[in-house]
Structures are given as C-alpha cells and as structure tokens.
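Enquirer: Just query_30.cif, nothing more (mmCIF, C-alpha atoms):
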```cif
data_start
#
loop_
_atom_site.label_atom_id
_atom_site.label_comp_id
_atom_site.auth_asym_id
_atom_site.auth_seq_id
_atom_site.Cartn_x
_atom_site.Cartn_y
_atom_site.Cartn_z
CA MET K 1 -56.34 -71.09 -33.29
CA ASN K 2 -57.75 -73.38 -35.99
CA PHE K 3 -60.41 -75.85 -34.92
CA GLU K 4 -62.95 -78.00 -36.73
CA ASN K 5 -65.88 -77.85 -34.30
CA ILE K 6 -65.45 -74.53 -32.52
CA ILE K 7 -64.69 -70.91 -33.37
CA VAL K 8 -62.37 -68.91 -31.12
CA THR K 9 -62.03 -65.13 -31.25
CA THR K 10 -60.54 -62.49 -28.98
CA GLU K 11 -61.39 -58.80 -28.82
CA ASN K 12 -60.59 -56.15 -26.22
CA GLY K 13 -59.38 -58.73 -23.70
CA ILE K 14 -62.48 -60.93 -24.03
CA GLY K 15 -62.13 -64.40 -25.51
CA GLN K 16 -65.17 -65.98 -27.14
CA ILE K 17 -65.57 -69.69 -27.84
CA THR K 18 -68.49 -70.64 -30.09
CA ILE K 19 -69.40 -74.30 -30.44
CA ASN K 20 -70.00 -74.63 -34.17
CA ARG K 21 -71.93 -77.83 -34.96
CA PRO K 22 -75.35 -76.32 -35.78
CA SER K 23 -76.46 -79.33 -37.84
CA LYS K 24 -76.07 -81.42 -34.66
CA LEU K 25 -77.50 -78.63 -32.44
CA ASN K 26 -73.91 -78.16 -31.22
CA ALA K 27 -73.89 -81.58 -29.53
CA LEU K 28 -70.71 -82.48 -27.70
CA ASN K 29 -68.66 -85.30 -29.16
CA VAL K 30 -65.23 -86.44 -28.02
CA ALA K 31 -63.47 -84.33 -30.66
CA THR K 32 -65.33 -81.17 -29.60
CA ILE K 33 -64.53 -81.77 -25.93
CA GLN K 34 -60.85 -82.10 -26.85
CA GLU K 35 -60.95 -78.91 -28.91
CA LEU K 36 -62.69 -77.04 -26.10
CA HIS K 37 -60.01 -78.16 -23.68
CA HIS K 38 -57.28 -76.80 -25.93
CA ALA K 39 -59.14 -73.53 -26.54
CA PHE K 40 -59.70 -72.88 -22.84
CA GLU K 41 -56.11 -73.84 -22.09
CA GLN K 42 -54.73 -71.45 -24.69
CA LEU K 43 -56.98 -68.54 -23.72
CA ASP K 44 -56.17 -69.04 -20.03
CA ALA K 45 -52.44 -68.97 -20.80
CA ASP K 46 -52.82 -65.69 -22.72
CA THR K 47 -52.48 -62.95 -20.09
CA SER K 48 -54.19 -60.44 -22.40
CA THR K 49 -57.42 -62.49 -22.19
CA GLN K 50 -59.18 -61.45 -19.00
CA VAL K 51 -62.62 -63.05 -19.47
CA ILE K 52 -63.89 -65.96 -21.59
CA ILE K 53 -67.43 -66.29 -22.95
CA ILE K 54 -68.69 -69.60 -24.31
CA THR K 55 -71.80 -69.88 -26.47
CA GLY K 56 -73.33 -71.95 -29.28
CA GLU K 57 -73.65 -71.17 -32.97
CA GLY K 58 -77.10 -70.15 -34.17
CA GLU K 59 -80.31 -69.35 -32.31
CA LYS K 60 -81.52 -72.86 -31.46
CA ALA K 61 -78.94 -74.42 -29.17
CA PHE K 62 -76.11 -73.71 -26.78
CA VAL K 63 -75.39 -77.45 -26.65
CA ALA K 64 -78.29 -79.87 -27.03
CA GLY K 65 -76.53 -82.73 -25.26
CA ALA K 66 -73.78 -85.24 -25.98
CA ASP K 67 -73.39 -87.14 -29.23
CA ILE K 68 -75.24 -90.34 -28.25
CA SER K 69 -74.07 -92.24 -31.32
CA GLU K 70 -70.53 -92.25 -29.91
CA PHE K 71 -71.34 -94.19 -26.75
CA ALA K 72 -74.57 -96.11 -27.40
CA HIS K 73 -72.70 -99.46 -27.41
CA PHE K 74 -70.17 -98.77 -24.64
CA SER K 75 -69.43 -101.27 -21.88
CA VAL K 76 -69.53 -100.45 -18.16
CA GLU K 77 -65.80 -99.76 -18.14
CA GLU K 78 -65.94 -97.64 -21.30
CA GLY K 79 -68.83 -95.59 -19.89
CA ALA K 80 -66.96 -94.85 -16.67
CA GLN K 81 -63.86 -93.90 -18.64
CA LEU K 82 -65.89 -91.59 -20.88
CA ALA K 83 -67.23 -89.71 -17.85
CA GLN K 84 -63.85 -89.53 -16.12
CA GLN K 85 -61.99 -88.27 -19.15
CA GLY K 86 -64.68 -85.73 -19.99
CA GLN K 87 -64.74 -84.34 -16.47
CA GLU K 88 -60.97 -84.04 -16.33
CA LEU K 89 -60.52 -82.60 -19.82
CA LEU K 90 -63.35 -80.08 -19.84
CA PHE K 91 -65.87 -79.75 -17.03
CA ASP K 92 -63.59 -79.76 -13.98
CA PHE K 93 -60.96 -77.97 -16.05
CA VAL K 94 -63.31 -75.07 -16.81
CA GLU K 95 -64.60 -74.84 -13.25
CA ASN K 96 -61.07 -74.43 -11.91
CA LEU K 97 -59.76 -72.14 -14.66
CA ARG K 98 -58.00 -69.00 -13.41
CA THR K 99 -59.74 -66.87 -16.04
CA PRO K 100 -63.45 -66.20 -15.39
CA VAL K 101 -65.75 -68.09 -17.76
CA ILE K 102 -69.32 -66.97 -18.53
CA ALA K 103 -71.77 -69.23 -20.36
CA ALA K 104 -74.01 -67.31 -22.78
CA VAL K 105 -76.80 -69.87 -23.11
CA ASN K 106 -78.43 -69.08 -26.44
CA GLY K 107 -80.97 -71.91 -26.72
CA PHE K 108 -81.24 -75.55 -25.68
CA ALA K 109 -78.76 -76.54 -22.95
CA LEU K 110 -79.49 -80.19 -22.38
CA GLY K 111 -77.50 -83.02 -20.83
CA GLY K 112 -73.82 -82.36 -21.44
CA GLY K 113 -74.75 -78.86 -22.62
CA LEU K 114 -76.25 -77.92 -19.28
CA GLU K 115 -73.34 -79.63 -17.54
CA LEU K 116 -70.94 -77.47 -19.56
CA ALA K 117 -72.87 -74.31 -18.69
CA MET K 118 -72.87 -75.30 -15.00
CA SER K 119 -69.11 -75.81 -15.03
CA CYS K 120 -68.71 -72.15 -16.04
CA HIS K 121 -68.41 -69.59 -13.26
CA PHE K 122 -71.88 -68.22 -13.98
CA ARG K 123 -74.52 -68.16 -16.70
CA VAL K 124 -76.57 -65.69 -18.76
CA ALA K 125 -79.49 -67.03 -20.82
CA SER K 126 -81.49 -65.83 -23.79
CA ASP K 127 -85.24 -65.73 -23.28
CA ASN K 128 -85.74 -68.73 -25.59
CA ALA K 129 -83.32 -70.96 -23.68
CA LYS K 130 -84.47 -74.28 -22.25
CA MET K 131 -82.43 -76.39 -19.85
CA GLY K 132 -82.58 -79.92 -18.55
CA LEU K 133 -80.83 -83.20 -17.84
CA PRO K 134 -82.74 -85.82 -19.87
CA GLU K 135 -80.27 -88.68 -19.34
CA VAL K 136 -82.57 -90.99 -17.35
CA SER K 137 -84.91 -91.12 -20.36
CA LEU K 138 -82.01 -92.89 -22.13
CA GLY K 139 -81.32 -95.29 -19.27
CA VAL K 140 -78.25 -93.46 -18.00
CA ILE K 141 -77.50 -90.59 -15.59
CA PRO K 142 -75.65 -87.29 -16.07
CA GLY K 143 -71.96 -88.18 -16.18
CA TYR K 144 -70.21 -84.86 -16.65
CA GLY K 145 -70.82 -83.47 -13.17
CA GLY K 146 -74.56 -82.82 -13.49
CA THR K 147 -75.60 -84.75 -10.39
CA GLN K 148 -73.13 -82.69 -8.34
CA ARG K 149 -73.30 -79.16 -9.74
CA LEU K 150 -77.08 -78.95 -10.25
CA PRO K 151 -77.89 -79.49 -6.52
CA GLN K 152 -75.20 -76.94 -5.63
CA LEU K 153 -76.92 -74.36 -7.81
CA VAL K 154 -80.65 -75.07 -7.38
CA GLY K 155 -80.89 -77.21 -4.23
CA LYS K 156 -81.31 -80.94 -3.76
CA GLY K 157 -85.09 -81.15 -4.19
CA ARG K 158 -85.27 -79.21 -7.44
CA ALA K 159 -82.24 -81.07 -8.79
CA MET K 160 -83.81 -84.43 -7.95
CA GLU K 161 -87.01 -83.43 -9.74
CA MET K 162 -85.17 -82.19 -12.83
CA VAL K 163 -83.02 -85.32 -13.04
CA MET K 164 -85.80 -87.84 -12.32
CA THR K 165 -88.43 -86.29 -14.63
CA ALA K 166 -85.86 -85.66 -17.40
CA GLY K 167 -87.86 -82.50 -18.08
CA MET K 168 -86.85 -79.07 -19.32
CA ILE K 169 -87.26 -75.70 -17.63
CA ASP K 170 -87.46 -72.37 -19.40
CA ALA K 171 -85.09 -69.46 -18.90
CA GLU K 172 -87.24 -67.56 -16.40
CA THR K 173 -87.67 -70.69 -14.27
CA ALA K 174 -83.92 -71.25 -14.44
CA LYS K 175 -83.41 -67.69 -13.20
CA SER K 176 -85.87 -68.18 -10.34
CA TYR K 177 -83.99 -71.37 -9.39
CA GLY K 178 -80.63 -69.56 -9.38
CA LEU K 179 -79.37 -71.63 -12.30
CA VAL K 180 -78.79 -68.52 -14.44
CA ASN K 181 -78.06 -64.98 -13.30
CA HIS K 182 -79.81 -63.04 -16.07
CA VAL K 183 -82.33 -63.58 -18.87
CA VAL K 184 -82.20 -61.27 -21.89
CA PRO K 185 -83.63 -61.26 -25.43
CA GLN K 186 -81.78 -63.52 -27.85
CA ALA K 187 -80.52 -60.59 -29.94
CA GLU K 188 -79.00 -58.92 -26.88
CA LEU K 189 -77.38 -61.97 -25.29
CA LEU K 190 -73.77 -61.57 -26.37
CA GLU K 191 -73.69 -57.80 -26.00
CA PHE K 192 -75.17 -58.05 -22.51
CA THR K 193 -72.71 -60.77 -21.52
CA LYS K 194 -69.80 -58.74 -22.87
CA GLY K 195 -71.03 -55.86 -20.73
CA ILE K 196 -70.66 -58.03 -17.63
CA ALA K 197 -67.25 -59.15 -18.87
CA SER K 198 -66.14 -55.52 -19.19
CA LYS K 199 -67.08 -54.93 -15.54
CA ILE K 200 -64.95 -57.90 -14.54
CA GLN K 201 -62.06 -56.50 -16.58
CA ARG K 202 -61.89 -53.41 -14.37
CA ASN K 203 -60.72 -55.53 -11.46
CA SER K 204 -57.55 -57.41 -10.56
CA PRO K 205 -57.07 -60.62 -12.58
CA ALA K 206 -54.75 -61.93 -9.87
CA ALA K 207 -57.39 -61.39 -7.18
CA ILE K 208 -60.16 -62.84 -9.34
CA SER K 209 -58.20 -66.06 -9.90
CA GLN K 210 -57.75 -66.41 -6.13
CA ALA K 211 -61.45 -65.68 -5.58
CA ILE K 212 -62.40 -68.47 -8.00
CA LYS K 213 -60.18 -70.88 -6.09
CA ALA K 214 -61.64 -69.84 -2.72
CA VAL K 215 -65.29 -70.05 -3.79
CA ASN K 216 -64.77 -73.45 -5.44
CA ALA K 217 -63.10 -74.80 -2.30
CA ASN K 218 -66.44 -74.65 -0.45
CA PHE K 219 -67.81 -77.34 -2.78
CA LYS K 220 -64.90 -79.78 -2.62
CA ASP K 221 -65.03 -82.77 -0.28
CA GLY K 222 -62.40 -82.74 2.43
CA VAL K 223 -61.38 -79.13 1.75
CA ASP K 224 -61.84 -76.37 4.33
CA GLY K 225 -63.04 -73.42 2.27
CA TYR K 226 -62.27 -70.95 5.06
CA LYS K 227 -58.64 -72.08 5.18
CA THR K 228 -58.43 -71.80 1.40
CA GLU K 229 -59.84 -68.28 1.63
CA ILE K 230 -57.25 -67.30 4.26
CA LYS K 231 -54.42 -68.69 2.14
CA SER K 232 -55.74 -67.04 -1.05
CA PHE K 233 -56.27 -63.76 0.79
CA GLY K 234 -52.66 -63.85 1.96
CA LYS K 235 -51.34 -64.61 -1.52
CA CYS K 236 -52.96 -61.44 -2.83
CA PHE K 237 -50.65 -59.38 -0.61
CA GLY K 238 -47.66 -60.61 -2.61
CA THR K 239 -48.99 -59.42 -5.98
CA GLU K 240 -48.30 -56.32 -8.00
CA ASP K 241 -52.07 -55.97 -8.41
CA PHE K 242 -52.48 -55.56 -4.63
CA ARG K 243 -49.83 -52.87 -4.48
CA GLU K 244 -51.36 -51.09 -7.48
CA GLY K 245 -54.94 -51.42 -6.21
CA THR K 246 -54.23 -50.08 -2.73
CA THR K 247 -51.93 -47.34 -4.02
CA ALA K 248 -54.51 -46.21 -6.57
CA PHE K 249 -57.19 -46.13 -3.89
CA LEU K 250 -55.05 -43.99 -1.57
CA GLU K 251 -54.06 -41.72 -4.45
CA LYS K 252 -57.71 -41.48 -5.54
CA ARG K 253 -57.07 -42.65 -9.08
CA LYS K 254 -58.18 -45.58 -11.22
CA ALA K 255 -56.06 -48.70 -10.80
CA SER K 256 -54.17 -50.19 -13.73
CA PHE K 257 -53.91 -53.92 -13.09
CA THR K 258 -51.44 -56.26 -14.80
CA GLY K 259 -52.62 -59.59 -13.39
CA LYS K 260 -49.32 -60.15 -11.62
#
```
Could you quickly redo this structure as structure tokens?

Expert:
Amino acid sequence: MNFENIIVTTENGIGQITINRPSKLNALNVATIQELHHAFEQLDADTSTQVIIITGEGEKAFVAGADISEFAHFSVEEGAQLAQQGQELLFDFVENLRTPVIAAVNGFALGGGLELAMSCHFRVASDNAKMGLPEVSLGVIPGYGGTQRLPQLVGKGRAMEMVMTAGMIDAETAKSYGLVNHVVPQAELLEFTKGIASKIQRNSPAAISQAIKAVNANFKDGVDGYKTEIKSFGKCFGTEDFREGTTAFLEKRKASFTGK
C-alpha cells in the first residue's frame, strides 16, 4: 500500500496505520481522510489482519485537528457536505469495521483527531496525550461525530463542558472519564497496545465482528440492541469458529480460529 499522508504496515496479524504529517501535527485534510478510508478498507478485507492499530507519527500529536485552511471559506451547504462525507468515509466506517480498531493516542488528539480516536473501538493513550474538541473557539461545532460519541463515552455533562469550554484534558483525566482505557509512558505506547491486540488475536474473529455489531447497535437510533445481539448470537452458531471453539473446549485444547 503506497500512500502520501499515511504509513501502513502489517506484522504478525496486526495492521498499523500511522498518520504521517508531522509538520502539520498530523492534521486531517480531505486527502488524508480518503487515504485512511482506503487503508482501513484494505486491511479489513485482508483476513490475515486480525487487529488494526492507528497512531500518529512523532511524539507530539496523534491528530491535532482538521486542516482548517481547507474549509475556512465554505458555505453552509459545503460545510454540511464536508461533515457528511467525512463521517461516511472514515468515522462511521471505522466504528462499524468488522476488524477491531485500537487508537494509540500518542499526543494531541484535538477536534477531528479526538473524533477519529472516538470512532475506534477503544483507546490507549500515552501519558503526554491531551484531548479536546476546540471547535466552538472557531465558531463551529464538532462535525465528525464528536457531539454524539463524546457523550456516549463520558456522559452528557462532561461532554457539554468539554465542547462548550473548548478546553483540553490530560490523559489521566481522560482515563477517569472513561474516554481512554489505559495510560502508559510514551515509549511504551505501541508495545503495550500491541500486547492488547495479541490478546484479541487469541479469540474468534468471526465472533468479534458480531460482537462489534451488537455493541454498536445499542447506540443507533431506532435499533433494538437486544434483537441485534440475539441475531448476532445466532449467526455465530453457523460459523467454523464456533465449531472449532466449542470442540477445542470439550477436547481441552487451544482453539485454532480461521475467522470463518
């Protein structure tokens, strides 16, 4: 995979996407969003990739926001289109990906950067990370799902405060809010995150993809999450992974899953 703004590698079943615009603090522009879409799509289609980690290049920023120069002069219609296309191409796309995605937040995660991290299935942060949604200080609001996912993760009151003050929180505060799962030293971030990924790899990819679908259903308007869980639970019974997992358990051996 050859990209201009991101680096994609795979090793031992773990795909890693690194946003590589350090001179712009890895800010998201339209081209980078498009590249990220293609990278996630390709890794998800590769059955040998069982977990995806996304991070930023360098020690300063995961993603320090969107590239404001691209939309500073947009009209109402252009602004709405920007948000819709971005959500469809990247943020909603990542949230609903079959392959688990972990954000390794290695520094500033602001605006679109925090929105990208929140669209991942969960987050690990370095101890120098700072997170926030500063959009109202620019006369706009989060447009890539931030007003929806932040309250889901930290609660309405804390989300309202973060959005309205446009302030940043540090990694330990983010952990106490439930925004990130773990905080580790910067130098240990990727290794620690890969350790979690290796634990995920021990389990059934087919079951994990159904679990993602069932958990996400609870946060979708008009969708009965319990019914989705029942349907997803039933689908597992038709997989080779279910037959292998139950057989291995009864035979008291380690399961060898294929993701089918």

Enquirer: Applied to this file, what does the PyMOL selection byres ((chain K and resi 24) around 12) return in terms of residues, put as a list of chain:residue names?

Expert: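 What the PyMOL selection byres ((chain K and resi 24) around 12) grabs from the file is K:Asn5, K:Ile19, K:Asn20, K:Arg21, K:Pro22, K:Ser23, K:Leu25, K:Asn26, K:Ala27, K:Leu28, K:Asn29, K:Thr32, K:Gly56, K:Glu57, K:Gly58, K:Lys60, K:Ala61, K:Phe62, K:Val63, K:Ala64, K:Gly65, K:Ala66, K:Asp67, K:Ile68, K:Ser69, K:Phe108.
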
Enquirer: What would the file look like if the residues just selected were written as a PDB file, keeping the file's coordinate frame with C-alpha atoms?

Expert:
```pdb
ATOM      1  CA  ASN K   5     -65.880 -77.850 -34.300  1.00  0.00           C
ATOM      2  CA  ILE K  19     -69.400 -74.300 -30.440  1.00  0.00           C
ATOM      3  CA  ASN K  20     -70.000 -74.630 -34.170  1.00  0.00           C
ATOM      4  CA  ARG K  21     -71.930 -77.830 -34.960  1.00  0.00           C
ATOM      5  CA  PRO K  22     -75.350 -76.320 -35.780  1.00  0.00           C
ATOM      6  CA  SER K  23     -76.460 -79.330 -37.840  1.00  0.00           C
ATOM      7  CA  LEU K  25     -77.500 -78.630 -32.440  1.00  0.00           C
ATOM      8  CA  ASN K  26     -73.910 -78.160 -31.220  1.00  0.00           C
ATOM      9  CA  ALA K  27     -73.890 -81.580 -29.530  1.00  0.00           C
ATOM     10  CA  LEU K  28     -70.710 -82.480 -27.700  1.00  0.00           C
ATOM     11  CA  ASN K  29     -68.660 -85.300 -29.160  1.00  0.00           C
ATOM     12  CA  THR K  32     -65.330 -81.170 -29.600  1.00  0.00           C
ATOM     13  CA  GLY K  56     -73.330 -71.950 -29.280  1.00  0.00           C
ATOM     14  CA  GLU K  57     -73.650 -71.170 -32.970  1.00  0.00           C
ATOM     15  CA  GLY K  58     -77.100 -70.150 -34.170  1.00  0.00           C
ATOM     16  CA  LYS K  60     -81.520 -72.860 -31.460  1.00  0.00           C
ATOM     17  CA  ALA K  61     -78.940 -74.420 -29.170  1.00  0.00           C
ATOM     18  CA  PHE K  62     -76.110 -73.710 -26.780  1.00  0.00           C
ATOM     19  CA  VAL K  63     -75.390 -77.450 -26.650  1.00  0.00           C
ATOM     20  CA  ALA K  64     -78.290 -79.870 -27.030  1.00  0.00           C
ATOM     21  CA  GLY K  65     -76.530 -82.730 -25.260  1.00  0.00           C
ATOM     22  CA  ALA K  66     -73.780 -85.240 -25.980  1.00  0.00           C
ATOM     23  CA  ASP K  67     -73.390 -87.140 -29.230  1.00  0.00           C
ATOM     24  CA  ILE K  68     -75.240 -90.340 -28.250  1.00  0.00           C
ATOM     25  CA  SER K  69     -74.070 -92.240 -31.320  1.00  0.00           C
ATOM     26  CA  PHE K 108     -81.240 -75.550 -25.680  1.00  0.00           C
TER      27      PHE K 108
END
```

Enquirer: Quick one: pull the distance between CA of Thr258 in chain K and CA of Leu43 in chain K, Å, one decimal.

Expert: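 Interatomic distance here is 16.2 Å.
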
Enquirer: Can you work out the spacing between CA of Gln201 in chain K and CA of Gly13 in chain K in Å, to one decimal?

Expert: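 According to the coordinates, CA of Gln201 in chain K and CA of Gly13 in chain K are separated by 7.9 Å.
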
Enquirer: Looking at K:Thr193, K:Ser75, K:Thr239, K:Gln81, which one is nearest to Val101 in chain K, with distances taken over all atoms listed in the file?

Expert: K:Thr193

Enquirer: If we count all atoms listed in the file and set the cut-off at 10 Å, which residues sit around Phe40 in chain K, ignoring sequence neighbours fewer than 3 positions away in its own chain? Please answer as a PyMOL selection string.

Expert: chain K and resi 8+15-17+35-37+43-46+52+54+90+93-94+97+99+101

Enquirer: Just give me the residues with any atom within 12 Å of (-73.3, -84.8, -12.1), file coordinates, counting all atoms listed in the file, written as a PyMOL selection string.

Expert: chain K and resi 83-84+86-87+91-92+111-112+114-116+118-119+133+135+140-153+159-160+163

Enquirer: Which residue, K:Lys260, K:Val136, K:Val183, K:Asn106, has the smallest gap to Thr165 in chain K when you use only C-alpha atoms?

Expert: K:Val136

Enquirer: Considering all atoms listed in the file, state which residue in the set K:Glu240, K:Glu251, K:Glu11, K:Glu229 is at the smallest distance from Ala217 in chain K.

Expert: K:Glu229

Enquirer: Take the PyMOL selection byres ((chain K and resi 168-170) around 9), apply it to the structure above, and return the hits as an mmCIF file with C-alpha atoms, in the frame of the given file.

Expert:
```cif
data_model
loop_
_atom_site.group_PDB
_atom_site.id
_atom_site.type_symbol
_atom_site.label_atom_id
_atom_site.label_comp_id
_atom_site.auth_asym_id
_atom_site.auth_seq_id
_atom_site.Cartn_x
_atom_site.Cartn_y
_atom_site.Cartn_z
ATOM 1 C CA LEU K 110 -79.490 -80.190 -22.380
ATOM 2 C CA ASP K 127 -85.240 -65.730 -23.280
ATOM 3 C CA ASN K 128 -85.740 -68.730 -25.590
ATOM 4 C CA ALA K 129 -83.320 -70.960 -23.680
ATOM 5 C CA LYS K 130 -84.470 -74.280 -22.250
ATOM 6 C CA MET K 131 -82.430 -76.390 -19.850
ATOM 7 C CA GLY K 132 -82.580 -79.920 -18.550
ATOM 8 C CA LEU K 133 -80.830 -83.200 -17.840
ATOM 9 C CA PRO K 134 -82.740 -85.820 -19.870
ATOM 10 C CA MET K 162 -85.170 -82.190 -12.830
ATOM 11 C CA THR K 165 -88.430 -86.290 -14.630
ATOM 12 C CA ALA K 166 -85.860 -85.660 -17.400
ATOM 13 C CA GLY K 167 -87.860 -82.500 -18.080
ATOM 14 C CA ALA K 171 -85.090 -69.460 -18.900
ATOM 15 C CA GLU K 172 -87.240 -67.560 -16.400
ATOM 16 C CA THR K 173 -87.670 -70.690 -14.270
ATOM 17 C CA ALA K 174 -83.920 -71.250 -14.440
ATOM 18 C CA LYS K 175 -83.410 -67.690 -13.200
#
```

Enquirer: Name the residues captured by the PyMOL selection byres ((chain K and resi 210) around 8) when it is applied to the shown file; answer as a list in words.

Expert: Arg98, Ala206, Ala207, Ile208, Ser209, Ala211, Ile212, Lys213, Ala214, Ser232, Phe233 and Cys236 of chain K

Enquirer: Write the residues of the selection above to a file with C-alpha atoms, as a PDB file, in the coordinates of the input.

Expert:
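Output saved as part.pdb:
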```
ATOM      1  CA  ARG K  98     -58.000 -69.000 -13.410  1.00  0.00           C
ATOM      2  CA  ALA K 206     -54.750 -61.930  -9.870  1.00  0.00           C
ATOM      3  CA  ALA K 207     -57.390 -61.390  -7.180  1.00  0.00           C
ATOM      4  CA  ILE K 208     -60.160 -62.840  -9.340  1.00  0.00           C
ATOM      5  CA  SER K 209     -58.200 -66.060  -9.900  1.00  0.00           C
ATOM      6  CA  ALA K 211     -61.450 -65.680  -5.580  1.00  0.00           C
ATOM      7  CA  ILE K 212     -62.400 -68.470  -8.000  1.00  0.00           C
ATOM      8  CA  LYS K 213     -60.180 -70.880  -6.090  1.00  0.00           C
ATOM      9  CA  ALA K 214     -61.640 -69.840  -2.720  1.00  0.00           C
ATOM     10  CA  SER K 232     -55.740 -67.040  -1.050  1.00  0.00           C
ATOM     11  CA  PHE K 233     -56.270 -63.760   0.790  1.00  0.00           C
ATOM     12  CA  CYS K 236     -52.960 -61.440  -2.830  1.00  0.00           C
TER      13      CYS K 236
END
```

Enquirer: Between CA of Asn203 in chain K and CA of Phe237 in chain K, what distance in Å does the model show, to one decimal?

Expert: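 Straight-line distance from CA of Asn203 in chain K to CA of Phe237 in chain K works out to 15.3 Å.
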